[in-house]
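Worksheet: one structure, shown below.
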Amino acid sequence: MKNPFIQQKFNVNKIYGKDTKILFLIFISSSFSIILFILGLLTLLGLTGFPENILSWADFIVLGILSCIGPIGFYNHLMTKKKREIENQLPDFLREISGSTASGMTVFDAIKSSAKGDHGKLTLELQRMSSQLSWGISVNDVFDNFGKRMKSDLVKRMVITIKKALEIGGNTSSVFNAAAVEIDQAKRVEEQRKIEMSLYSIVIFISFFVFLAVILIIDKTIFAAIFDLQAQMAGQTIGNMMIASIDHDLLKYMFFSFVLVQSMGGGLLGGFMMDGKLSSGIRFGFVLILISFFVFKFLF
């Protein structure tokens, strides 16, 4: 009996398959991030000679984080967008197959006929399916391969439905039409969920900008007055109390650490709630961290 408590090893190929682009992107972004982290550590130790007002050790750390999450987040977003465009074209394709089979065409001929039309991002996949059919691969295996390439739960459910219906037999036209209706319903539910959750995501993003604005206002008003008073009275005593000196750079790094955690957490949560994808959260986290970096670099 298999032990359910044995932790499974992380397998990059299992998640990304044979997508060499994402593997190359992970290698490049990780290598660049490690270099930036090392430069940040060396700058903190005073071994690089970079002027503090141009590039500080915190700047290298933030740039390392951005280079690590940015490329992967935006690449996954582009792949997700492409996948959704294909899913949006699937109902029309399935209805076209349903109409063709209802007129007497076989599934083989119906797919080959559809591959000659314009179905947007789905056209390339239809051409692959048509080529596989011409090589003698069965219809079930062609749809199965299509589901594996897409790596989409919606497509996998469609493939299972079509395969089981074709194995049992019956009215092929109604099978494809039912699959199209199922995808339409699933897309409507997803769109409704996205609209409802987007409201919460907007609240999270607004809260981030309010938090950033409050910190900036406090620095320009309250702490600016404190630093002016400190410049005049630092080291002096009032009674038995001595006025201490506050390090502005230390205060800046403390505030920035608060904003960094807020931007990363808010981006991950807001993006995930909006699109239901962690890659979307990473993308929004990248944008919020980048905004925070420029605000603290030039306005703080």
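Scheme for the structure tokens: letters A, B, ... for chains in order shown; per-chain residue numbers from 1; ligand numbers from 1 in order shown.
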Next item on the list: Excluding range 119-121 of chain A and residues on its chain fewer than 5 positions from it, collect all residues at most 12 Å away from it, counting only C-alpha atoms, and give them as a list in words.
Entry: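 Non-adjacent residues within range: Met79, Lys81, Lys82, Lys83, Arg84, Glu85, Ile86, Glu87, Asn88, Gln89, Leu90, Pro91, Asp92, Phe93, Leu94, Glu96, Ser113, Ser114, Leu126, Gln127 and Met150 of chain A.
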Hey, can you spit out that residue selection with N, CA and C atoms as a PDB file, in the first residue's frame?
ATOM      1  N   MET A  79       0.550  32.865 -21.506  1.00  0.00           N
ATOM      2  CA  MET A  79       0.114  31.508 -21.826  1.00  0.00           C
ATOM      3  C   MET A  79      -1.333  31.286 -21.377  1.00  0.00           C
ATOM      4  N   LYS A  81      -3.616  33.632 -21.097  1.00  0.00           N
ATOM      5  CA  LYS A  81      -4.461  34.407 -22.011  1.00  0.00           C
ATOM      6  C   LYS A  81      -4.680  33.647 -23.320  1.00  0.00           C
ATOM      7  N   LYS A  82      -3.613  33.025 -23.842  1.00  0.00           N
ATOM      8  CA  LYS A  82      -3.740  32.239 -25.068  1.00  0.00           C
ATOM      9  C   LYS A  82      -4.679  31.061 -24.858  1.00  0.00           C
ATOM     10  N   LYS A  83      -4.554  30.409 -23.691  1.00  0.00           N
ATOM     11  CA  LYS A  83      -5.403  29.259 -23.389  1.00  0.00           C
ATOM     12  C   LYS A  83      -6.870  29.671 -23.310  1.00  0.00           C
ATOM     13  N   ARG A  84      -7.139  30.827 -22.727  1.00  0.00           N
ATOM     14  CA  ARG A  84      -8.521  31.288 -22.609  1.00  0.00           C
ATOM     15  C   ARG A  84      -9.099  31.656 -23.966  1.00  0.00           C
ATOM     16  N   GLU A  85      -8.271  32.224 -24.833  1.00  0.00           N
ATOM     17  CA  GLU A  85      -8.741  32.542 -26.185  1.00  0.00           C
ATOM     18  C   GLU A  85      -9.114  31.263 -26.936  1.00  0.00           C
ATOM     19  N   ILE A  86      -8.328  30.214 -26.724  1.00  0.00           N
ATOM     20  CA  ILE A  86      -8.655  28.929 -27.357  1.00  0.00           C
ATOM     21  C   ILE A  86      -9.950  28.370 -26.782  1.00  0.00           C
ATOM     22  N   GLU A  87     -10.103  28.472 -25.449  1.00  0.00           N
ATOM     23  CA  GLU A  87     -11.335  27.974 -24.818  1.00  0.00           C
ATOM     24  C   GLU A  87     -12.559  28.732 -25.308  1.00  0.00           C
ATOM     25  N   ASN A  88     -12.401  30.024 -25.571  1.00  0.00           N
ATOM     26  CA  ASN A  88     -13.536  30.816 -26.068  1.00  0.00           C
ATOM     27  C   ASN A  88     -13.942  30.408 -27.483  1.00  0.00           C
ATOM     28  N   GLN A  89     -13.005  29.851 -28.249  1.00  0.00           N
ATOM     29  CA  GLN A  89     -13.303  29.424 -29.616  1.00  0.00           C
ATOM     30  C   GLN A  89     -13.861  28.001 -29.675  1.00  0.00           C
ATOM     31  N   LEU A  90     -13.723  27.253 -28.579  1.00  0.00           N
ATOM     32  CA  LEU A  90     -14.136  25.847 -28.593  1.00  0.00           C
ATOM     33  C   LEU A  90     -15.629  25.643 -28.854  1.00  0.00           C
ATOM     34  N   PRO A  91     -16.541  26.411 -28.226  1.00  0.00           N
ATOM     35  CA  PRO A  91     -17.968  26.164 -28.504  1.00  0.00           C
ATOM     36  C   PRO A  91     -18.330  26.299 -29.979  1.00  0.00           C
ATOM     37  N   ASP A  92     -17.779  27.314 -30.664  1.00  0.00           N
ATOM     38  CA  ASP A  92     -18.070  27.466 -32.098  1.00  0.00           C
ATOM     39  C   ASP A  92     -17.516  26.288 -32.889  1.00  0.00           C
ATOM     40  N   PHE A  93     -16.334  25.823 -32.511  1.00  0.00           N
ATOM     41  CA  PHE A  93     -15.748  24.663 -33.193  1.00  0.00           C
ATOM     42  C   PHE A  93     -16.606  23.421 -32.994  1.00  0.00           C
ATOM     43  N   LEU A  94     -17.037  23.194 -31.749  1.00  0.00           N
ATOM     44  CA  LEU A  94     -17.841  22.005 -31.468  1.00  0.00           C
ATOM     45  C   LEU A  94     -19.192  22.069 -32.181  1.00  0.00           C
ATOM     46  N   GLU A  96     -19.709  23.588 -34.980  1.00  0.00           N
ATOM     47  CA  GLU A  96     -19.410  23.345 -36.391  1.00  0.00           C
ATOM     48  C   GLU A  96     -19.264  21.851 -36.663  1.00  0.00           C
ATOM     49  N   SER A 113     -12.232  19.646 -42.149  1.00  0.00           N
ATOM     50  CA  SER A 113     -12.903  20.790 -42.750  1.00  0.00           C
ATOM     51  C   SER A 113     -12.805  22.018 -41.853  1.00  0.00           C
ATOM     52  N   SER A 114     -12.964  21.816 -40.543  1.00  0.00           N
ATOM     53  CA  SER A 114     -12.867  22.944 -39.603  1.00  0.00           C
ATOM     54  C   SER A 114     -11.460  23.511 -39.550  1.00  0.00           C
ATOM     55  N   LEU A 126      -6.305  22.917 -34.325  1.00  0.00           N
ATOM     56  CA  LEU A 126      -7.140  22.137 -35.249  1.00  0.00           C
ATOM     57  C   LEU A 126      -6.299  21.559 -36.380  1.00  0.00           C
ATOM     58  N   GLN A 127      -5.321  22.316 -36.847  1.00  0.00           N
ATOM     59  CA  GLN A 127      -4.422  21.806 -37.889  1.00  0.00           C
ATOM     60  C   GLN A 127      -3.591  20.637 -37.375  1.00  0.00           C
ATOM     61  N   MET A 150      -3.289  21.321 -23.869  1.00  0.00           N
ATOM     62  CA  MET A 150      -3.939  22.494 -23.325  1.00  0.00           C
ATOM     63  C   MET A 150      -3.736  22.622 -21.814  1.00  0.00           C
TER      64      MET A 150
END
Next item on the list: Between A:Val210, A:Phe294, A:Ile218, A:Arg149, single out the one closest to Gln262 in chain A, counting only C-alpha atoms.
Entry: A:Val210
Residues of range 211-294 of chain A at most 8 Å from range 200-206 of chain A: nearest atom pair and distance in Å, only C-alpha atoms, as CSV:
residue,atom,partner,partner_atom,distance
A:Gly266,CA,A:Ile204,CA,6.2
A:Gly267,CA,A:Phe205,CA,7.6
A:Leu269,CA,A:Ser201,CA,7.6
A:Gly270,CA,A:Ser201,CA,4.4
A:Gly271,CA,A:Ser201,CA,7.0
A:Met273,CA,A:Ser201,CA,6.4
A:Met274,CA,A:Ser201,CA,6.1
Notebook entry, point to check: In terms of the shortest atom-to-atom distance over only C-alpha atoms, which of A:Gly276, A:Ser245, A:Val175, A:Ile111 is closest to Glu191 in chain A?
Noted result: A:Gly276
Determine, counting only C-alpha atoms, which protein, DNA and RNA residues have an atom within 10 Å of an atom of Ala102 in chain A; residues of the same chain fewer than 6 positions away are not included. Present the result as a PDB file with C-alpha atoms, in the first residue's frame.
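The resulting part.pdb:
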ATOM      1  CA  GLU A  96     -19.410  23.345 -36.391  1.00  0.00           C
ATOM      2  CA  ASN A 171     -25.943  10.518 -32.087  1.00  0.00           C
ATOM      3  CA  THR A 172     -22.511  12.058 -32.663  1.00  0.00           C
ATOM      4  CA  SER A 173     -23.976  15.441 -33.550  1.00  0.00           C
ATOM      5  CA  SER A 174     -25.794  15.778 -30.237  1.00  0.00           C
TER       6      SER A 174
END
Note to self: Rounded to one decimal, what separation in Å do you get between CA of Phe176 in chain A and CA of Ala110 in chain A?
What the structure shows: 11.5 Å
At a cut-off of 10 Å, can you tabulate as JSON lines every residue of range 52-144 of chain A near range 18-29 of chain A together with its closest atom pair and the distance in Å to one decimal, using only C-alpha atoms and ordering rows by chain then number?
{"residue": "A:Gly64", "atom": "CA", "partner": "A:Ser29", "partner_atom": "CA", "distance": 8.9}
{"residue": "A:Ile65", "atom": "CA", "partner": "A:Ser29", "partner_atom": "CA", "distance": 9.7}
{"residue": "A:Leu66", "atom": "CA", "partner": "A:Ser29", "partner_atom": "CA", "distance": 9.3}
{"residue": "A:Ser67", "atom": "CA", "partner": "A:Ser29", "partner_atom": "CA", "distance": 5.8}
{"residue": "A:Cys68", "atom": "CA", "partner": "A:Ser29", "partner_atom": "CA", "distance": 5.2}
{"residue": "A:Ile69", "atom": "CA", "partner": "A:Ser29", "partner_atom": "CA", "distance": 8.0}
{"residue": "A:Gly70", "atom": "CA", "partner": "A:Ser29", "partner_atom": "CA", "distance": 8.5}
{"residue": "A:Pro71", "atom": "CA", "partner": "A:Ser29", "partner_atom": "CA", "distance": 7.0}
{"residue": "A:Ile72", "atom": "CA", "partner": "A:Ile26", "partner_atom": "CA", "distance": 6.8}
{"residue": "A:Tyr75", "atom": "CA", "partner": "A:Ile22", "partner_atom": "CA", "distance": 7.6}
{"residue": "A:Asn76", "atom": "CA", "partner": "A:Ile22", "partner_atom": "CA", "distance": 8.4}
Would you mind exporting the chosen residues as a PDB file, in the first residue's frame, restricted to N, CA and C atoms?
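Below is the file that was written, result_11.pdb:
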ATOM      1  N   GLY A  64      16.402  42.285  -7.585  1.00  0.00           N
ATOM      2  CA  GLY A  64      16.514  40.826  -7.651  1.00  0.00           C
ATOM      3  C   GLY A  64      15.163  40.144  -7.532  1.00  0.00           C
ATOM      4  N   ILE A  65      14.313  40.657  -6.635  1.00  0.00           N
ATOM      5  CA  ILE A  65      12.959  40.101  -6.492  1.00  0.00           C
ATOM      6  C   ILE A  65      12.146  40.319  -7.763  1.00  0.00           C
ATOM      7  N   LEU A  66      12.259  41.528  -8.330  1.00  0.00           N
ATOM      8  CA  LEU A  66      11.513  41.843  -9.555  1.00  0.00           C
ATOM      9  C   LEU A  66      11.953  40.968 -10.721  1.00  0.00           C
ATOM     10  N   SER A  67      13.266  40.764 -10.858  1.00  0.00           N
ATOM     11  CA  SER A  67      13.759  39.938 -11.966  1.00  0.00           C
ATOM     12  C   SER A  67      13.414  38.473 -11.776  1.00  0.00           C
ATOM     13  N   CYS A  68      13.143  38.069 -10.544  1.00  0.00           N
ATOM     14  CA  CYS A  68      12.788  36.675 -10.280  1.00  0.00           C
ATOM     15  C   CYS A  68      11.321  36.396 -10.597  1.00  0.00           C
ATOM     16  N   ILE A  69      10.427  37.303 -10.173  1.00  0.00           N
ATOM     17  CA  ILE A  69       8.993  37.036 -10.321  1.00  0.00           C
ATOM     18  C   ILE A  69       8.406  37.631 -11.595  1.00  0.00           C
ATOM     19  N   GLY A  70       9.028  38.695 -12.133  1.00  0.00           N
ATOM     20  CA  GLY A  70       8.444  39.389 -13.280  1.00  0.00           C
ATOM     21  C   GLY A  70       8.358  38.555 -14.542  1.00  0.00           C
ATOM     22  N   PRO A  71       9.480  38.050 -15.062  1.00  0.00           N
ATOM     23  CA  PRO A  71       9.417  37.290 -16.328  1.00  0.00           C
ATOM     24  C   PRO A  71       8.504  36.081 -16.254  1.00  0.00           C
ATOM     25  N   ILE A  72       8.576  35.329 -15.147  1.00  0.00           N
ATOM     26  CA  ILE A  72       7.749  34.127 -15.025  1.00  0.00           C
ATOM     27  C   ILE A  72       6.274  34.492 -14.928  1.00  0.00           C
ATOM     28  N   TYR A  75       5.055  35.722 -18.381  1.00  0.00           N
ATOM     29  CA  TYR A  75       5.022  34.620 -19.355  1.00  0.00           C
ATOM     30  C   TYR A  75       3.814  33.715 -19.089  1.00  0.00           C
ATOM     31  N   ASN A  76       3.600  33.354 -17.822  1.00  0.00           N
ATOM     32  CA  ASN A  76       2.445  32.523 -17.486  1.00  0.00           C
ATOM     33  C   ASN A  76       1.133  33.239 -17.799  1.00  0.00           C
TER      34      ASN A  76
END
Note to self: Using only C-alpha atoms, which protein or nucleic acid residues come within 12 Å of Ala213 in chain A? Drop anything in the same chain fewer than 2 positions from it, and give the result as a ChimeraX atom specification.
What the structure shows: /A:206-211,215-220,255,259,291-292,295-296,299-300
